[in-house]
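File shown: query-v6.cif (mmCIF, C-alpha atoms).
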data_structure
loop_
_atom_site.group_PDB
_atom_site.id
_atom_site.type_symbol
_atom_site.label_atom_id
_atom_site.label_comp_id
_atom_site.auth_asym_id
_atom_site.auth_seq_id
_atom_site.Cartn_x
_atom_site.Cartn_y
_atom_site.Cartn_z
ATOM 1 C CA MET A 165 26.738 10.169 -2.086
ATOM 2 C CA ILE A 166 23.019 10.445 -1.405
ATOM 3 C CA ASN A 167 20.792 7.369 -1.637
ATOM 4 C CA ILE A 168 17.051 7.840 -2.025
ATOM 5 C CA ASN A 169 14.532 5.022 -2.150
ATOM 6 C CA LYS A 170 11.083 6.646 -2.322
ATOM 7 C CA VAL A 171 8.238 5.935 -4.734
ATOM 8 C CA PHE A 172 4.794 7.370 -5.425
ATOM 9 C CA LEU A 173 2.608 5.134 -7.581
ATOM 10 C CA ALA A 174 -0.969 5.598 -8.753
ATOM 11 C CA GLY A 175 -2.753 2.669 -10.330
ATOM 12 C CA ASN A 176 -5.492 0.070 -9.999
ATOM 13 C CA LEU A 177 -5.457 -3.019 -7.806
ATOM 14 C CA THR A 178 -5.004 -6.260 -9.731
ATOM 15 C CA ARG A 179 -6.295 -8.392 -6.861
ATOM 16 C CA ASP A 180 -8.029 -7.978 -3.512
ATOM 17 C CA VAL A 181 -5.973 -7.128 -0.444
ATOM 18 C CA VAL A 182 -5.054 -10.201 1.620
ATOM 19 C CA VAL A 183 -4.210 -9.566 5.287
ATOM 20 C CA ARG A 184 -2.386 -12.027 7.523
ATOM 21 C CA LYS A 185 -0.518 -11.861 10.832
ATOM 22 C CA THR A 186 3.167 -12.440 11.408
ATOM 23 C CA LYS A 187 4.406 -14.764 14.157
ATOM 24 C CA GLY A 188 4.808 -11.661 16.307
ATOM 25 C CA GLY A 189 1.160 -10.670 15.774
ATOM 26 C CA LEU A 190 1.813 -7.788 13.351
ATOM 27 C CA LYS A 191 -0.728 -7.375 10.533
ATOM 28 C CA VAL A 192 0.581 -7.361 6.970
ATOM 29 C CA GLY A 193 -1.424 -6.936 3.776
ATOM 30 C CA ASP A 194 -0.478 -7.705 0.200
ATOM 31 C CA PHE A 195 -2.018 -6.622 -3.090
ATOM 32 C CA GLY A 196 -1.053 -6.106 -6.707
ATOM 33 C CA LEU A 197 -1.004 -2.736 -8.463
ATOM 34 C CA ALA A 198 -1.095 -2.051 -12.205
ATOM 35 C CA ILE A 199 0.362 1.258 -13.354
ATOM 36 C CA ASN A 200 -0.322 2.377 -16.928
ATOM 37 C CA ARG A 201 2.047 4.670 -18.815
ATOM 38 C CA LYS A 202 1.224 6.196 -22.171
ATOM 39 C CA LYS A 203 4.032 6.237 -24.697
ATOM 40 C CA LYS A 204 4.664 8.960 -27.252
ATOM 41 C CA ASP A 205 3.292 6.730 -30.014
ATOM 42 C CA GLY A 206 -0.055 6.451 -28.184
ATOM 43 C CA THR A 207 0.357 2.885 -26.969
ATOM 44 C CA GLU A 208 0.333 1.959 -23.293
ATOM 45 C CA ASP A 209 2.903 0.168 -21.217
ATOM 46 C CA VAL A 210 1.695 -1.531 -18.035
ATOM 47 C CA CYS A 211 3.862 -2.224 -14.999
ATOM 48 C CA PHE A 212 2.611 -4.764 -12.456
ATOM 49 C CA LEU A 213 3.976 -4.503 -8.912
ATOM 50 C CA ASP A 214 3.343 -6.297 -5.643
ATOM 51 C CA VAL A 215 2.670 -4.002 -2.675
ATOM 52 C CA THR A 216 2.981 -4.790 1.032
ATOM 53 C CA VAL A 217 1.315 -2.653 3.696
ATOM 54 C CA TRP A 218 1.694 -3.040 7.473
ATOM 55 C CA GLY A 219 -0.337 -2.499 10.644
ATOM 56 C CA ASP A 220 -3.747 -0.841 10.850
ATOM 57 C CA GLN A 221 -3.338 0.456 7.310
ATOM 58 C CA ALA A 222 -3.424 -3.167 6.107
ATOM 59 C CA ASP A 223 -6.875 -3.586 7.710
ATOM 60 C CA LEU A 224 -8.157 -0.356 6.141
ATOM 61 C CA CYS A 225 -6.899 -1.403 2.726
ATOM 62 C CA GLU A 226 -8.595 -4.795 3.076
ATOM 63 C CA GLN A 227 -11.840 -3.115 4.122
ATOM 64 C CA TYR A 228 -11.994 -0.341 1.500
ATOM 65 C CA LEU A 229 -9.959 -1.518 -1.493
ATOM 66 C CA ALA A 230 -10.727 -4.296 -3.962
ATOM 67 C CA LYS A 231 -9.598 -5.522 -7.360
ATOM 68 C CA GLY A 232 -9.977 -2.730 -9.939
ATOM 69 C CA LYS A 233 -10.098 0.127 -7.387
ATOM 70 C CA PRO A 234 -7.644 3.020 -7.823
ATOM 71 C CA ALA A 235 -5.054 3.784 -5.147
ATOM 72 C CA LEU A 236 -2.048 6.040 -4.577
ATOM 73 C CA VAL A 237 0.846 4.290 -2.852
ATOM 74 C CA GLU A 238 3.761 6.023 -1.147
ATOM 75 C CA GLY A 239 6.656 3.870 -0.020
ATOM 76 C CA TYR A 240 9.979 2.336 -0.997
ATOM 77 C CA ILE A 241 11.240 -0.482 -3.214
ATOM 78 C CA ARG A 242 12.600 -3.651 -1.616
ATOM 79 C CA TYR A 243 14.446 -6.492 -3.329
ATOM 80 C CA GLU A 244 13.464 -9.930 -2.029
ATOM 81 C CA THR A 245 15.205 -13.253 -2.610
ATOM 82 C CA TRP A 246 14.145 -16.789 -1.685
ATOM 83 C CA GLU A 247 14.610 -20.372 -2.744
ATOM 84 C CA SER A 248 11.810 -22.537 -4.138
ATOM 85 C CA GLU A 249 12.223 -26.130 -5.270
ATOM 86 C CA GLY A 250 15.988 -25.749 -5.289
ATOM 87 C CA GLN A 251 15.973 -22.631 -7.461
ATOM 88 C CA LYS A 252 16.867 -19.137 -6.338
ATOM 89 C CA LYS A 253 14.167 -16.580 -7.070
ATOM 90 C CA SER A 254 13.938 -12.842 -6.619
ATOM 91 C CA LYS A 255 11.679 -9.860 -7.261
ATOM 92 C CA HIS A 256 11.240 -6.195 -6.486
ATOM 93 C CA LYS A 257 8.225 -5.126 -4.470
ATOM 94 C CA VAL A 258 6.914 -1.924 -2.945
ATOM 95 C CA VAL A 259 6.589 -1.538 0.826
ATOM 96 C CA ALA A 260 3.889 1.077 1.409
ATOM 97 C CA SER A 261 4.222 3.677 4.123
ATOM 98 C CA LYS A 262 0.912 5.273 3.092
ATOM 99 C CA VAL A 263 -1.977 4.246 0.835
ATOM 100 C CA GLU A 264 -4.556 6.787 -0.342
ATOM 101 C CA PHE A 265 -7.928 5.590 -1.630
ATOM 102 C CA LEU A 266 -8.725 7.357 -4.908
ATOM 103 C CA SER A 267 -12.322 6.367 -5.656
ATOM 104 C CA ALA A 268 -14.871 8.828 -4.238
ATOM 105 C CA GLN A 269 -16.633 6.472 -1.811
ATOM 106 C CA GLU A 270 -13.432 4.997 -0.347
ATOM 107 C CA ARG A 271 -11.786 8.433 -0.195
ATOM 108 C CA GLN A 272 -14.707 9.799 1.838
ATOM 109 C CA ALA A 273 -14.426 6.882 4.270
ATOM 110 C CA GLN A 274 -10.681 7.522 4.610
ATOM 111 C CA ILE A 275 -11.280 11.229 5.315
ATOM 112 C CA GLU A 276 -13.850 10.345 7.985
ATOM 113 C CA LEU A 277 -11.464 7.848 9.602
ATOM 114 C CA GLU A 278 -8.635 10.406 9.617
ATOM 115 C CA GLY A 279 -11.031 12.928 11.202
ATOM 116 C CA GLU A 280 -11.831 10.448 13.972
ATOM 117 C CA ASP A 281 -8.110 10.012 14.616
ATOM 118 C CA ASP A 282 -7.690 13.814 14.834
ATOM 119 C CA ARG A 283 -10.637 14.143 17.229
ATOM 120 C CA GLN A 284 -9.248 11.330 19.385
ATOM 121 C CA ALA A 285 -5.851 13.086 19.482
ATOM 122 C CA ASP A 286 -7.568 16.334 20.555
ATOM 123 C CA ILE A 287 -9.396 14.491 23.353
ATOM 124 C CA GLU A 288 -6.177 12.839 24.518
ATOM 125 C CA GLU A 289 -4.432 16.247 24.602
ATOM 126 C CA ASP A 290 -7.170 17.630 26.880
ATOM 127 C CA VAL A 291 -6.712 14.894 29.486
ATOM 128 C CA PRO A 292 -5.010 16.582 32.489
ATOM 129 C CA PHE A 293 -2.624 13.731 33.348
#

Can you give me the file's structure in the form of structure tokens?
Amino acid sequence: MININKVFLAGNLTRDVVVRKTKGGLKVGDFGLAINRKKKDGTEDVCFLDVTVWGDQADLCEQYLAKGKPALVEGYIRYETWESEGQKKSKHKVVASKVEFLSAQERQAQIELEGEDDRQADIEEDVPF
């Protein structure tokens, strides 16, 4: 049996990205995403999800995304459990492998940053050692 855990979500941030570091020094960012879905009767259903993003992408999200900004998130769903005040709690969240900025200004900045990465890779390939 095949198991697939892959999601693509497009929506608007419900809060600013908050970046912190783990004990091991890894950067992790968290934000909320609201995804609207129109029903056949014309009404809308809204799904609110928490998103976690890791590494340098967390910094970029913090720098270029803010509450209300649109984003496309690619990743997987993770089920988390914990205990708080003696009660067991749980929730589903999305762990992002890639976040695309969808507003024009942030998208342009992302394209420029990706271009710098490509140019750096080209330079590194030309190094003769």

| field | Result set, the PyMOL selection byres ((chain A and resi 211-224) around 8) on current file, as a list in words | value | Val183, Leu190, Lys191, Val192, Gly193, Asp194, Phe195, Gly196, Leu197, Ala198, Ile199, Asn200, Asp209, Val210, Cys225, Glu226, Gln227, Tyr228, Leu229, His256, Lys257, Val258, Val259, Ala260, Ser261, Lys262 and Val263 of chain A

| Nearest to A:Asn176: which of A:Ser267, A:Ala235, A:Thr245, A:Ser254 is it, counting only C-alpha atoms? | A:Ala235

| note | atom CA of A:Glu244 sits from atom CA of A:Asn169 at a separation of 15.0 Å

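In this structure, atom CA of A:Gln251 sits 26.1 Å away from atom CA of A:Val182.
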
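Going from atom CA of A:Lys255 over to atom CA of A:Thr178, you cover 17.2 Å.
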
| task | Please evaluate the PyMOL selection byres ((chain A and resi 174) around 7) against the displayed coordinates and give the resulting residues as a PyMOL selection string. | result | chain A and resi 172-173+175+199+235-237

Using only the atoms of stretch 204-223 of chain A listed in the file, plus 6 Å on each side, state the axis-aligned box centre and edge lengths in Å rounded to one decimal, as AutoDock Vina command-line options.
--center_x -1.1 --center_y 1.3 --center_z -9.6 --size_x 23.5 --size_y 27.3 --size_z 52.9
